[in-house]
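Report on one structure; see the data block that follows.
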Amino acid sequence: MRSAGLRSLVPILALLLAAGPGACAAGPERKDGLRTIRGVVRVVGNEPFTHVVVTSPGDGAGDAGRVDYLIAGPLAGELRGRHQGRTITLEGTDCPPRSPLFRNCFAPTRILEPGKGR
């Protein structure tokens, strides 16, 4: 009986661990389900397997706290072409990652603050 109770906790623990520390690294979710993220637009990977990501800043201690958000949806092309290497603020929703290489996925609906830099 006791092992059956522990087995029922395993899926819950797996979900909590999969969320990872970066799951709440961006702005809080609003009532309409949208939230904001801010970071540098980058293209990672090798052709033909490249991905557009937004890398949120860390806590200042090297790479600690940095979070890569895989960008999904129609704005990914614009971010790749016009904002690569720039710091940008996006509004959108979380989505399930389409690649096992990324824990976090973000589907932007609009650009709040155009890129600066480069």
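Following the order of the structure tokens, chains are lettered A, B, ..., residues in each are numbered from 1, and ligands are numbered from 1.
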Please list as a PDB file with C-alpha atoms, in the first residue's frame every residue within 12 Å of range 70-83 of chain A, counting only C-alpha atoms and excluding residues in the same chain fewer than 6 positions away.
ATOM      1  CA  ILE A  37      10.031  38.097 -21.372  1.00  0.00           C
ATOM      2  CA  GLY A  39      16.402  39.066 -23.398  1.00  0.00           C
ATOM      3  CA  VAL A  40      18.796  38.874 -26.324  1.00  0.00           C
ATOM      4  CA  VAL A  41      17.580  37.359 -29.597  1.00  0.00           C
ATOM      5  CA  ARG A  42      19.972  34.649 -30.795  1.00  0.00           C
ATOM      6  CA  VAL A  43      20.039  31.950 -33.445  1.00  0.00           C
ATOM      7  CA  VAL A  44      21.567  28.728 -32.140  1.00  0.00           C
ATOM      8  CA  GLY A  45      22.432  25.408 -33.749  1.00  0.00           C
ATOM      9  CA  THR A  50      18.818  26.263 -36.213  1.00  0.00           C
ATOM     10  CA  HIS A  51      16.492  27.702 -33.594  1.00  0.00           C
ATOM     11  CA  VAL A  52      15.572  31.250 -32.636  1.00  0.00           C
ATOM     12  CA  VAL A  53      15.903  31.776 -28.890  1.00  0.00           C
ATOM     13  CA  VAL A  54      15.619  34.679 -26.492  1.00  0.00           C
ATOM     14  CA  THR A  55      18.163  34.440 -23.701  1.00  0.00           C
ATOM     15  CA  SER A  56      17.083  36.198 -20.529  1.00  0.00           C
ATOM     16  CA  THR A  89      10.860  42.638 -24.768  1.00  0.00           C
ATOM     17  CA  LEU A  90       8.145  40.276 -25.984  1.00  0.00           C
ATOM     18  CA  GLU A  91       4.579  39.608 -24.904  1.00  0.00           C
ATOM     19  CA  GLY A  92       3.077  36.159 -25.410  1.00  0.00           C
ATOM     20  CA  THR A  93       2.369  32.792 -23.860  1.00  0.00           C
ATOM     21  CA  ASP A  94       4.325  29.746 -22.803  1.00  0.00           C
ATOM     22  CA  CYS A  95       4.130  26.730 -25.085  1.00  0.00           C
ATOM     23  CA  PRO A  96       5.367  23.140 -24.930  1.00  0.00           C
ATOM     24  CA  PRO A  97       8.937  22.895 -26.268  1.00  0.00           C
ATOM     25  CA  ARG A  98       9.132  21.418 -29.771  1.00  0.00           C
ATOM     26  CA  SER A  99      12.744  20.413 -29.292  1.00  0.00           C
ATOM     27  CA  PRO A 100      14.277  18.239 -26.570  1.00  0.00           C
ATOM     28  CA  LEU A 101      17.177  20.713 -26.432  1.00  0.00           C
ATOM     29  CA  PHE A 102      15.050  23.383 -24.730  1.00  0.00           C
ATOM     30  CA  ARG A 103      13.097  23.345 -21.487  1.00  0.00           C
ATOM     31  CA  ASN A 104      11.268  26.616 -22.134  1.00  0.00           C
ATOM     32  CA  CYS A 105       9.229  27.664 -25.149  1.00  0.00           C
ATOM     33  CA  PHE A 106       7.589  31.037 -25.734  1.00  0.00           C
ATOM     34  CA  ALA A 107       5.081  32.029 -28.409  1.00  0.00           C
ATOM     35  CA  PRO A 108       5.250  35.824 -28.730  1.00  0.00           C
ATOM     36  CA  THR A 109       2.154  37.685 -29.876  1.00  0.00           C
ATOM     37  CA  ARG A 110       3.777  41.101 -30.130  1.00  0.00           C
ATOM     38  CA  ILE A 111       7.009  43.010 -29.658  1.00  0.00           C
ATOM     39  CA  GLU A 113      10.115  47.025 -26.973  1.00  0.00           C
ATOM     40  CA  PRO A 114      12.077  46.788 -30.201  1.00  0.00           C
ATOM     41  CA  GLY A 115      15.642  45.597 -30.032  1.00  0.00           C
ATOM     42  CA  LYS A 116      18.470  47.768 -28.842  1.00  0.00           C
ATOM     43  CA  GLY A 117      22.094  47.215 -29.631  1.00  0.00           C
ATOM     44  CA  ARG A 118      24.067  45.854 -32.530  1.00  0.00           C
TER      45      ARG A 118
END
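Across the model, the gap from CA of Gly85 in chain A to CA of Arg30 in chain A is 27.8 Å.
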Inset, instruction - In Å, rounded to a single decimal, give me how far CA of Arg38 in chain A is from CA of Ile88 in chain A. - result: 5.6 Å
Inset, instruction - Determine which residues of range 34-81 of chain A receive a DSSP assignment of strand (DSSP E), computed from the backbone, and state them as a ChimeraX atom specification. - result: /A:35-44,51-56,67-71
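A straight line drawn from CA of Pro57 in chain A to CA of Tyr69 in chain A is 11.5 Å long.
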Would you please extract all helix (DSSP H, G or I) residues from range 33-112 of chain A, as assigned by DSSP on the backbone, and give them as a PDB file with N, CA and C atoms, in the first residue's frame?
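Just written: result07.pdb:
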ATOM      1  N   LEU A  75       6.244  35.204 -35.292  1.00  0.00           N
ATOM      2  CA  LEU A  75       7.224  36.259 -35.036  1.00  0.00           C
ATOM      3  C   LEU A  75       8.665  35.750 -35.021  1.00  0.00           C
ATOM      4  N   ALA A  76       8.864  34.438 -35.003  1.00  0.00           N
ATOM      5  CA  ALA A  76      10.227  33.886 -34.975  1.00  0.00           C
ATOM      6  C   ALA A  76      11.032  34.353 -36.193  1.00  0.00           C
ATOM      7  N   GLY A  77      10.407  34.391 -37.357  1.00  0.00           N
ATOM      8  CA  GLY A  77      11.100  34.825 -38.572  1.00  0.00           C
ATOM      9  C   GLY A  77      11.515  36.283 -38.513  1.00  0.00           C
ATOM     10  N   GLU A  78      10.626  37.134 -37.997  1.00  0.00           N
ATOM     11  CA  GLU A  78      10.964  38.557 -37.876  1.00  0.00           C
ATOM     12  C   GLU A  78      12.090  38.764 -36.867  1.00  0.00           C
ATOM     13  N   LEU A  79      12.023  38.038 -35.756  1.00  0.00           N
ATOM     14  CA  LEU A  79      13.080  38.154 -34.754  1.00  0.00           C
ATOM     15  C   LEU A  79      14.418  37.700 -35.326  1.00  0.00           C
ATOM     16  N   ARG A  80      14.405  36.630 -36.102  1.00  0.00           N
ATOM     17  CA  ARG A  80      15.632  36.124 -36.729  1.00  0.00           C
ATOM     18  C   ARG A  80      16.201  37.142 -37.706  1.00  0.00           C
ATOM     19  N   GLY A  81      15.343  37.727 -38.519  1.00  0.00           N
ATOM     20  CA  GLY A  81      15.807  38.609 -39.579  1.00  0.00           C
ATOM     21  C   GLY A  81      16.119  40.033 -39.168  1.00  0.00           C
ATOM     22  N   ARG A  82      15.351  40.595 -38.227  1.00  0.00           N
ATOM     23  CA  ARG A  82      15.475  42.014 -37.930  1.00  0.00           C
ATOM     24  C   ARG A  82      16.007  42.345 -36.539  1.00  0.00           C
TER      25      ARG A  82
END
